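Student: The structure under discussion is supplied below as structure tokens; questions concerning it will follow.
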There are 2 protein chains.
Amino acid sequence: MTRTPIWKAISDTLRDDIGDHIHRPGDKLPTEAVLAARFGVNRHTVRQALAALADEGLVRARRGAGVFVTATPTDYPIGQRVRFHQNLRAAGRSPAKKLLALDTRTATKAECDALQITDAQVHVYEGLSLSDGQVIALFRSVFPASRFPHLPDYLRRDPSVTAALRASDVPDYTRASTRITAKLASATQALHLQINEGAPILRTTNINVDASGTPVEAGMTWFAGDKVTLTLGAD
Amino acid sequence: MTRTPIWKAISDTLRDDIGDHIHRPGDKLPTEAVLAARFGVNRHTVRQALAALADEGLVRARRGAGVFVTATPTDYPIGQRVRFHQNLRAAGRSPAKKLLALDTRTATKAECDALQITDAQVHVYEGLSLSDGQVIALFRSVFPASRFPHLPDYLRRDPSVTAALRASDVPDYTRASTRITAKLASATQALHLQINEGAPILRTTNINVDASGTPVEAGMTWFAGDKVTLTLGAD
DNA sequence: CTATATTTGTCCGTATGTATC
DNA sequence: TGATACATACGGACAAATATA
């Protein structure tokens with residue numbers, strides 16, 4: 001077991017500070033000399049930490065001016081109505097989705113339980129969620145195939161779940177339950193989310209129901225822990 | 001970079017299955033031989049995975065009978081009213097708190113923002129949250145000292161925040177906001193939470209307000225990712 | 001209650017890759 | 001470079017506890 005290098009500890013601290021909005025986007029970080037004094041290390045050690053943050057796209061250094069915060073973890077509100085595109089646009093982000101896979105197969109026992117169906121086919125929709133062009137989440141949604149026979153066609157035309165469900169005669173849906181756990185990124189997840197294997201992941205398991213309370217979607221989303229903050233209530 | 005051992009991958013899979021309620025408390029897991037066949041490994045490798053789960057207290061093996069699920073990650077509901085003791089008792093758990101530190105100091109800038117106060121003293125309450133005797137979370141709460149001068153005395157007598165606030169003329173409080181991120185456990189956190197360094201952590205940052213909407217508490221809680229599932233809405 | 005099969009616990013060993021000195 | 005220790009993974013054999021016919 002090799003202990004964490006000092007520069008990494010410093011970059012972690014600064015990343016947390018940015019995530020906690022102690023340094024907001026546009027803010028100028030303290031100068032390298034000040035940071036070096038605060039952490040009691042050489043300026044080069046601080047530079048290595050800042051270089052790591054710059055590499056992640058969190059900060060940008062301008063010669064002669066200072067180091068500025070460029071990005072902050074995306075706030076992702078979760079509540080009664082969770083809509084990916086609306087949520088991100090409301091937060092001033094530009095949302096996008098990338099389709100990874102879309103097929104139909106027999107549901108597992110857990111999926112049957114979640115969707116309250118008995119031994120049936122489900123559509124499986126896997127993809128990536130992007131915020132400002134950066135991958136923030138990997139998701140997998142399953143839908144009862146018998147009720148939504150043409151859903152895959154709709155999703156292929158428009159990746160929005162909201163739109164596809166509306167086209168399937170579900171004008172509105174609400175979130176019945178959300179379960180949140182923390183995990184470590186597996187190799188494949190890390191690849192998709194463009195993070196390191198073993199990086200922290202926020203995993204949410206959710207069920208969306210239609211107006212009558214019948215489940216229409218069971219989803220699982222893996223958020224890159226460093227890139228997203230789930231929020232509840234007003235900020 | 002050393003890849004993850006097979007036994008760990010297996011224990012992770014089983015832990016997820018237990019967390020997803022595929023195997024419920026009291027259930028008997030498939031026999032070691034069956035699991036070995038399913039994962040295509042030697043029985044000893046499965047045994048090592050099961051030993052890890054037994055060490056975490058998730059399963060218990062009975063010679064001649066099988067391996068049984070003893071616990072499931074604690075469901076921790078978060079919503080408008082978050083009460084540690086009430087939440088856990090409602091979930092059939094036995095809650096407890098352990099006081100780590102209780103002192104009064106000058107508030108940081110972030111704490112002033114959260115509590116909507118200007119340059120004042122705050123009480124800092126740090127401790128551990130236990131469920132069925134197992135540590136599930138590490139927390140730090142800050143309270144405005146000017147408004148609650150005797151709060152530390154109340155907390156020393158009874159670790160319940162709800163009780164201490166009630167004694168301080170705050171009969172009720174609600175959660176104004178919750179922010180959730182995933183982190184990796186630092187060495188000190190790992191020590192307190194009795195997990196490994198680098199294990200996944202759910203960190204929530206929250207603000208509780210009184211009936212008039214004035215912040216009374218700003219808290220940060222670090223949940224052991226493997227031991228807790230945050231839940232929203234009915235399950 | 002008695003056999004018998006099942007299942008976990010413990011011991012022996014072999015081989016391989018990795019980290020450390 | 002070599003020597004050593006450690007973790008991982010596999011294979012087999014048998015003992016001990018349990019379930020069941």
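Letters for chains follow the order of the structure tokens (A, B, ...), residue numbers begin at 1 for each chain, and ligand numbers begin at 1 in the order shown.
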As a PDB file with C-alpha atoms, in the first residue's frame, which residues of stretch 163-210 of chain B does DSSP assign to strand (DSSP E or B)?
Tutor:
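New file out26.pdb:
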ATOM      1  CA  TYR B 173     -37.289  21.877  12.033  1.00  0.00           C
ATOM      2  CA  THR B 174     -37.337  20.797   8.421  1.00  0.00           C
ATOM      3  CA  ARG B 175     -34.707  20.104   5.840  1.00  0.00           C
ATOM      4  CA  ALA B 176     -34.310  22.965   3.405  1.00  0.00           C
ATOM      5  CA  SER B 177     -31.754  21.357   1.150  1.00  0.00           C
ATOM      6  CA  THR B 178     -29.648  18.250   0.753  1.00  0.00           C
ATOM      7  CA  ARG B 179     -26.696  17.834  -1.564  1.00  0.00           C
ATOM      8  CA  ILE B 180     -25.289  14.382  -2.257  1.00  0.00           C
ATOM      9  CA  THR B 181     -21.944  13.397  -3.716  1.00  0.00           C
ATOM     10  CA  ALA B 182     -19.802  10.284  -3.820  1.00  0.00           C
ATOM     11  CA  LYS B 183     -16.298  10.364  -2.376  1.00  0.00           C
ATOM     12  CA  LEU B 184     -13.538   7.979  -1.446  1.00  0.00           C
ATOM     13  CA  PRO B 200     -16.979   4.497  -1.406  1.00  0.00           C
ATOM     14  CA  ILE B 201     -18.561   7.194   0.738  1.00  0.00           C
ATOM     15  CA  LEU B 202     -21.876   8.976   0.348  1.00  0.00           C
ATOM     16  CA  ARG B 203     -21.481  12.520   1.532  1.00  0.00           C
ATOM     17  CA  THR B 204     -24.538  14.635   2.181  1.00  0.00           C
ATOM     18  CA  THR B 205     -24.458  18.334   2.937  1.00  0.00           C
ATOM     19  CA  ASN B 206     -27.663  19.636   4.427  1.00  0.00           C
ATOM     20  CA  ILE B 207     -29.313  22.628   5.978  1.00  0.00           C
ATOM     21  CA  ASN B 208     -32.128  22.392   8.482  1.00  0.00           C
ATOM     22  CA  VAL B 209     -34.372  25.371   9.103  1.00  0.00           C
ATOM     23  CA  ASP B 210     -36.900  26.242  11.801  1.00  0.00           C
TER      24      ASP B 210
END
Student: If the cut-off is 10 Å, can you tell me the residues of chain C near chain B, counting only C-alpha atoms (C1' of nucleotides)? I'd like them as a PyMOL selection string.
Tutor: chain C and resi 6-9+18
Student: Could the residues in this selection be written to a file with all heavy atoms, as a CSV table (one decimal), in the first residue's frame?
Tutor:
chain,number,residue,atom,x,y,z
C,6,DT,P,-26.6,-35.3,-2.3
C,6,DT,OP1,-27.5,-35.0,-3.4
C,6,DT,OP2,-25.2,-35.9,-2.4
C,6,DT,O5',-26.5,-34.1,-1.3
C,6,DT,C5',-27.7,-33.6,-0.7
C,6,DT,C4',-27.4,-32.5,0.3
C,6,DT,O4',-26.8,-33.0,1.5
C,6,DT,C3',-26.5,-31.4,-0.3
C,6,DT,O3',-27.1,-30.1,-0.1
C,6,DT,C2',-25.2,-31.6,0.5
C,6,DT,C1',-25.7,-32.1,1.8
C,6,DT,N1,-24.8,-32.9,2.7
C,6,DT,C2,-24.5,-32.4,4.0
C,6,DT,O2,-25.1,-31.5,4.4
C,6,DT,N3,-23.7,-33.2,4.7
C,6,DT,C4,-23.0,-34.3,4.2
C,6,DT,O4,-22.2,-35.0,4.9
C,6,DT,C5,-23.3,-34.7,2.8
C,6,DT,C7,-22.6,-35.9,2.3
C,6,DT,C6,-24.1,-34.0,2.1
C,7,DT,P,-26.5,-28.8,-0.9
C,7,DT,OP1,-27.7,-28.0,-1.1
C,7,DT,OP2,-25.7,-29.3,-2.0
C,7,DT,O5',-25.6,-28.1,0.1
C,7,DT,C5',-26.1,-27.7,1.4
C,7,DT,C4',-25.0,-27.3,2.3
C,7,DT,O4',-24.4,-28.5,2.9
C,7,DT,C3',-23.8,-26.5,1.7
C,7,DT,O3',-23.8,-25.2,2.2
C,7,DT,C2',-22.6,-27.3,2.1
C,7,DT,C1',-23.0,-28.2,3.2
C,7,DT,N1,-22.3,-29.5,3.2
C,7,DT,C2,-21.7,-29.9,4.4
C,7,DT,O2,-21.9,-29.3,5.5
C,7,DT,N3,-21.0,-31.1,4.4
C,7,DT,C4,-20.8,-31.9,3.3
C,7,DT,O4,-20.2,-32.9,3.4
C,7,DT,C5,-21.4,-31.4,2.1
C,7,DT,C7,-21.2,-32.2,0.8
C,7,DT,C6,-22.1,-30.3,2.1
C,8,DT,P,-22.7,-24.2,1.7
C,8,DT,OP1,-23.3,-22.9,1.5
C,8,DT,OP2,-21.9,-24.8,0.6
C,8,DT,O5',-21.7,-24.1,3.0
C,8,DT,C5',-22.3,-23.7,4.2
C,8,DT,C4',-21.3,-24.1,5.4
C,8,DT,O4',-21.0,-25.5,5.2
C,8,DT,C3',-20.0,-23.3,5.4
C,8,DT,O3',-19.7,-22.9,6.7
C,8,DT,C2',-19.0,-24.4,5.0
C,8,DT,C1',-19.6,-25.6,5.5
C,8,DT,N1,-19.1,-26.9,4.7
C,8,DT,C2,-18.5,-27.9,5.4
C,8,DT,O2,-18.3,-27.8,6.6
C,8,DT,N3,-18.1,-28.9,4.7
C,8,DT,C4,-18.3,-29.1,3.3
C,8,DT,O4,-17.9,-30.1,2.7
C,8,DT,C5,-19.0,-28.0,2.6
C,8,DT,C7,-19.2,-28.0,1.1
C,8,DT,C6,-19.3,-26.9,3.4
C,9,DG,P,-18.4,-22.0,7.1
C,9,DG,OP1,-18.8,-21.2,8.3
C,9,DG,OP2,-17.9,-21.4,5.9
C,9,DG,O5',-17.4,-23.1,7.6
C,9,DG,C5',-17.6,-23.7,8.9
C,9,DG,C4',-16.3,-24.5,9.3
C,9,DG,O4',-16.2,-25.7,8.5
C,9,DG,C3',-15.0,-23.7,9.2
C,9,DG,O3',-14.3,-24.0,10.4
C,9,DG,C2',-14.4,-24.3,8.0
C,9,DG,C1',-14.9,-25.7,7.9
C,9,DG,N9,-15.0,-26.3,6.6
C,9,DG,C8,-15.6,-25.8,5.5
C,9,DG,N7,-15.6,-26.5,4.4
C,9,DG,C5,-14.8,-27.6,4.9
C,9,DG,C6,-14.5,-28.8,4.1
C,9,DG,O6,-14.7,-29.1,3.0
C,9,DG,N1,-13.7,-29.7,4.9
C,9,DG,C2,-13.4,-29.4,6.3
C,9,DG,N2,-12.7,-30.4,6.9
C,9,DG,N3,-13.8,-28.4,7.0
C,9,DG,C4,-14.5,-27.5,6.2
C,18,DT,P,2.4,-9.4,-12.4
C,18,DT,OP1,1.4,-8.5,-13.2
C,18,DT,OP2,3.7,-9.7,-13.0
C,18,DT,O5',2.6,-8.8,-11.0
C,18,DT,C5',1.6,-9.0,-10.0
C,18,DT,C4',2.1,-8.4,-8.7
C,18,DT,O4',2.7,-9.5,-7.9
C,18,DT,C3',3.1,-7.3,-8.7
C,18,DT,O3',2.7,-6.3,-7.8
C,18,DT,C2',4.4,-7.9,-8.4
C,18,DT,C1',4.0,-9.0,-7.4
C,18,DT,N1,4.9,-10.1,-7.3
C,18,DT,C2,5.2,-10.5,-6.0
C,18,DT,O2,4.8,-10.0,-5.0
C,18,DT,N3,6.1,-11.6,-6.0
C,18,DT,C4,6.6,-12.3,-7.1
C,18,DT,O4,7.4,-13.2,-6.9
C,18,DT,C5,6.2,-11.8,-8.4
C,18,DT,C7,6.7,-12.4,-9.6
C,18,DT,C6,5.4,-10.7,-8.4
Student: List every residue of stretch 48-169 of chain B that DSSP, applied to the backbone of this structure, places in alpha helix (DSSP H), and write the result as a ChimeraX atom specification.
Tutor: /B:48-56,84-90,109-115,151-157,161-167
Student: Could you list, as a list of chain:residue names, every residue within 12 Å of A:Ala36, counting only C-alpha atoms (C1' of nucleotides) and ignoring same-chain residues fewer than 3 positions away?
Tutor: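 Everything that qualifies: A:Ile6, A:Trp7, A:Ile10, A:Pro30, A:Thr31, A:Glu32, A:Ala33, A:Phe39, A:Gly40, A:Val41, A:Asn42, A:Arg43, A:His44, A:Thr45, A:Val46, A:Arg47, A:Gln48, A:Ala49, A:Leu50.
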Student: For B:Leu29, work out the shell of residues within 9 Å, counting only C-alpha atoms (C1' of nucleotides) and skipping chain neighbours fewer than 6 positions away, then give it as a PyMOL selection string.
Tutor: chain B and resi 23+35+59+66-69
Student: I need the chain D residues near chain B as a list of chain:residue names; criterion: at most 9 Å, counting only C-alpha atoms (C1' of nucleotides).
Tutor: D:DT8, D:DA9, D:DC10, D:DG11, D:DA16, D:DA17, D:DT18, D:DA19
Student: Find the residues around B:Lys98 up to 7 Å (only C-alpha atoms (C1' of nucleotides) counted), leave out those fewer than 4 positions away in its own chain, and share them as a PyMOL selection string.
Tutor: chain B and resi 127-129
Student: Quick one: everything within 12 Å of D:DA3, counting only C-alpha atoms (C1' of nucleotides), minus sequence neighbours fewer than 2 positions away in the same chain. Send it as a list in words.
Tutor: DT20 and DC21 of chain C; DT1 and DA5 of chain D
Student: Give me the residues near B:Ala71 as a list in words, where near means some atom within 9 Å (using only C-alpha atoms (C1' of nucleotides)) and where sequence neighbours in that chain fewer than 2 positions away do not count.
Tutor: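 Result of the neighbour search: Ile18, Arg24, Pro25, Gly26, Gly57, Leu58, Val59, Val69, Pro73 and Thr74 of chain B.
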Student: Output N, CA and C atoms of each residue in that selection to a file, as a PDB file, in the first residue's frame.
Tutor:
ATOM      1  N   ILE B  18     -27.472  -8.361  -2.574  1.00  0.00           N
ATOM      2  CA  ILE B  18     -28.119  -8.210  -1.269  1.00  0.00           C
ATOM      3  C   ILE B  18     -28.665  -6.789  -1.143  1.00  0.00           C
ATOM      4  N   ARG B  24     -32.802 -11.503   0.329  1.00  0.00           N
ATOM      5  CA  ARG B  24     -33.271 -10.736   1.471  1.00  0.00           C
ATOM      6  C   ARG B  24     -32.776 -11.346   2.771  1.00  0.00           C
ATOM      7  N   PRO B  25     -32.778 -10.544   3.842  1.00  0.00           N
ATOM      8  CA  PRO B  25     -32.337 -11.062   5.143  1.00  0.00           C
ATOM      9  C   PRO B  25     -33.103 -12.335   5.502  1.00  0.00           C
ATOM     10  N   GLY B  26     -32.375 -13.343   5.942  1.00  0.00           N
ATOM     11  CA  GLY B  26     -32.979 -14.627   6.272  1.00  0.00           C
ATOM     12  C   GLY B  26     -32.849 -15.624   5.137  1.00  0.00           C
ATOM     13  N   GLY B  57     -20.423  -8.470   8.148  1.00  0.00           N
ATOM     14  CA  GLY B  57     -21.666  -8.681   8.884  1.00  0.00           C
ATOM     15  C   GLY B  57     -22.878  -8.809   7.990  1.00  0.00           C
ATOM     16  N   LEU B  58     -22.661  -8.955   6.689  1.00  0.00           N
ATOM     17  CA  LEU B  58     -23.804  -9.052   5.773  1.00  0.00           C
ATOM     18  C   LEU B  58     -24.386 -10.451   5.734  1.00  0.00           C
ATOM     19  N   VAL B  59     -23.521 -11.460   5.906  1.00  0.00           N
ATOM     20  CA  VAL B  59     -24.004 -12.846   5.865  1.00  0.00           C
ATOM     21  C   VAL B  59     -23.431 -13.618   7.050  1.00  0.00           C
ATOM     22  N   VAL B  69     -28.252 -14.597   4.687  1.00  0.00           N
ATOM     23  CA  VAL B  69     -28.173 -13.142   4.727  1.00  0.00           C
ATOM     24  C   VAL B  69     -28.652 -12.678   6.098  1.00  0.00           C
ATOM     25  N   PRO B  73     -28.124  -3.465   3.593  1.00  0.00           N
ATOM     26  CA  PRO B  73     -27.741  -2.087   3.852  1.00  0.00           C
ATOM     27  C   PRO B  73     -28.908  -1.302   4.450  1.00  0.00           C
ATOM     28  N   THR B  74     -28.623  -0.496   5.436  1.00  0.00           N
ATOM     29  CA  THR B  74     -29.655   0.279   6.110  1.00  0.00           C
ATOM     30  C   THR B  74     -30.281   1.283   5.151  1.00  0.00           C
TER      31      THR B  74
END
Student: Measure the distance from atom CA of A:Thr104 to atom CA of A:His123 in Å and round it to one decimal.
Tutor: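 Interatomic distance, atom CA of A:Thr104 to atom CA of A:His123: 4.3 Å.
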Student: Taking into account only C-alpha atoms, which residue in the set A:Asp103, A:Asp153, A:Asp158, A:Asp226 is nearest to chain B?
Tutor: A:Asp226
